[in-house]
Amino acid sequence: MKFIIGRKVTMTHIFEDGKMIPVTLVETGSYQILQLKTKAKDGYTAIQIGLDKIIKEKKIKKTMKGKEYKVLKEIKVSEKDLESYKVGDAFEHDFVEGDKIKVAGISKGKGYAGAVKLWGFKGRLSSTHGTKHELRTLGSTGQSGLGRLIKGRKMSGRMGAERVTVKNLKIVKIDKDNNLIAVKGAIPGARGALIELDSR
């Protein structure tokens, strides 16, 4: 399967042919198939896998029986491919070094931000002639006669903490012994964040 979920570890660099390559390490592993979704029963075909198994019995709810995992993820597959999977089987990725992938994750949350930081606005007026405290203000937001703001106006607000997908990243190295994948460049998310790797 050319799809897997993992956790972002850290960013580092490796050397190849005397050149330094910036990479991000993603921790993966062997996952268990928990459920098969069929078109007849669920309306689509997919396999469900679990990540981060819950060990303490007191944290396992009755509704989680047989699926004692913190994170459940569904991977859509074709009806033909679904026949090759069974509940309880181990699920591992088939990535090889050199694969081009797209990586998706939740970007770092930066809290409430002003319009200059959030949207890259230039700022209001110049830095002279009595413009104290006006350099990073939003400026006028409305127009004459309407009496309200038009929906979608770029203003201050929450920044980050959104799903971001980065395409055409390259897998530089795979360390199967330590369950690590080195992806060239930066990927979204903080350390420990869930990351989706897909080359389909």
# chains A, B, ... in the order shown; residues from 1 in each chain; ligands from 1
>>> residues_around(residues="Ile54 of chain A", least_positions_apart="6", cutoff="12 Å", atoms="only C-alpha atoms", output="count of residues only")
11
>>> closest_atom_pairs(of="segment 72-177 of chain A", to="segment 26-33 of chain A", cutoff="7 Å", atoms="only C-alpha atoms", output="Markdown table")
| residue | atom | partner | partner_atom | distance |
| --- | --- | --- | --- | --- |
| A:Val87 | CA | A:Ile33 | CA | 5.2 |
| A:Gly88 | CA | A:Ile33 | CA | 5.2 |
| A:Asp89 | CA | A:Ile33 | CA | 5.6 |
| A:Ala90 | CA | A:Gln32 | CA | 4.6 |
| A:Phe91 | CA | A:Tyr31 | CA | 4.9 |
| A:Glu92 | CA | A:Ser30 | CA | 5.3 |
>>> closest_atom_pairs(of="segment 30-103 of chain A", to="segment 163-176 of chain A", cutoff="7 Å", atoms="only C-alpha atoms", output="tab-separated table")
residue	atom	partner	partner_atom	distance
A:Glu97	CA	A:Ile171	CA	5.3
A:Gly98	CA	A:Ile171	CA	5.2
A:Asp99	CA	A:Ile171	CA	5.5
A:Lys100	CA	A:Lys170	CA	4.7
A:Ile101	CA	A:Leu169	CA	5.3
A:Lys102	CA	A:Lys167	CA	4.2
A:Val103	CA	A:Val166	CA	5.3
>>> select_by_dssp(residues="chain A", states="alpha helix (DSSP H)", output="number ranges by chain")
A: 39-42, 79-82, 115-119
>>> closest_residue(among="A:Gly185, A:Gly50, A:Gly105, A:Gly152", to="Leu197 of chain A", atoms="only C-alpha atoms")
A:Gly105
>>> select_by_dssp(residues="segment 76-143 of chain A", states="strand (DSSP E or B)", output="list in words")
Lys76, Ala90, Phe91, Lys100, Ile101, Lys102, Val103, Ala104, Gly105, Ile106, Gly109, Lys110, Gly111, Tyr112 and Ala113 of chain A
>>> write_last_selection(atoms="C-alpha atoms", output="mmCIF file, in the first residue's frame")
data_model
loop_
_atom_site.group_PDB
_atom_site.id
_atom_site.type_symbol
_atom_site.label_atom_id
_atom_site.label_comp_id
_atom_site.auth_asym_id
_atom_site.auth_seq_id
_atom_site.Cartn_x
_atom_site.Cartn_y
_atom_site.Cartn_z
ATOM 1 C CA LYS A 76 -10.059 4.009 0.544
ATOM 2 C CA ALA A 90 -0.615 -6.513 9.762
ATOM 3 C CA PHE A 91 -0.596 -3.438 7.549
ATOM 4 C CA LYS A 100 7.408 11.047 -4.986
ATOM 5 C CA ILE A 101 4.730 11.582 -2.365
ATOM 6 C CA LYS A 102 2.257 14.131 -1.089
ATOM 7 C CA VAL A 103 2.209 14.826 2.649
ATOM 8 C CA ALA A 104 -0.816 16.106 4.570
ATOM 9 C CA GLY A 105 -1.076 17.259 8.164
ATOM 10 C CA ILE A 106 -2.367 19.951 10.511
ATOM 11 C CA GLY A 109 -1.321 26.851 15.389
ATOM 12 C CA LYS A 110 -0.069 30.410 15.850
ATOM 13 C CA GLY A 111 -3.048 31.822 17.729
ATOM 14 C CA TYR A 112 -4.778 35.133 17.028
ATOM 15 C CA ALA A 113 -2.853 37.209 14.491
#
>>> atom_distance(atom1="atom CA of Gly189 of chain A", atom2="atom CA of Met11 of chain A")
11.3 Å
>>> residues_around(residues="Glu74 of chain A", least_positions_apart="5", cutoff="10 Å", atoms="only C-alpha atoms", output="PyMOL selection string")
chain A and resi 33-37+45-50
>>> residues_around(residues="Thr12 of chain A", least_positions_apart="6", cutoff="9 Å", atoms="only C-alpha atoms", output="JSON, numbers by chain")
{"A": [21, 22, 23, 24, 25]}
>>> residues_around(residues="Arg153 of chain A", least_positions_apart="5", cutoff="12 Å", atoms="only C-alpha atoms", output="VMD selection string")
chain A and resid 115 119 138 140 to 143 148
>>> write_last_selection(atoms="C-alpha atoms", output="PDB file, in the first residue's frame")
ATOM      1  CA  ALA A 115      -3.853  41.270   9.277  1.00  0.00           C
ATOM      2  CA  TRP A 119      -2.410  38.038   5.157  1.00  0.00           C
ATOM      3  CA  LEU A 138      -5.772  47.056   9.097  1.00  0.00           C
ATOM      4  CA  SER A 140     -10.610  50.961   6.503  1.00  0.00           C
ATOM      5  CA  THR A 141     -12.711  47.837   6.051  1.00  0.00           C
ATOM      6  CA  GLY A 142     -15.986  49.021   4.549  1.00  0.00           C
ATOM      7  CA  GLN A 143     -17.247  51.305   1.812  1.00  0.00           C
ATOM      8  CA  ARG A 148     -21.861  46.611   6.554  1.00  0.00           C
TER       9      ARG A 148
END
>>> atom_distance(atom1="atom CA of Phe3 of chain A", atom2="atom CA of Lys73 of chain A")
11.1 Å
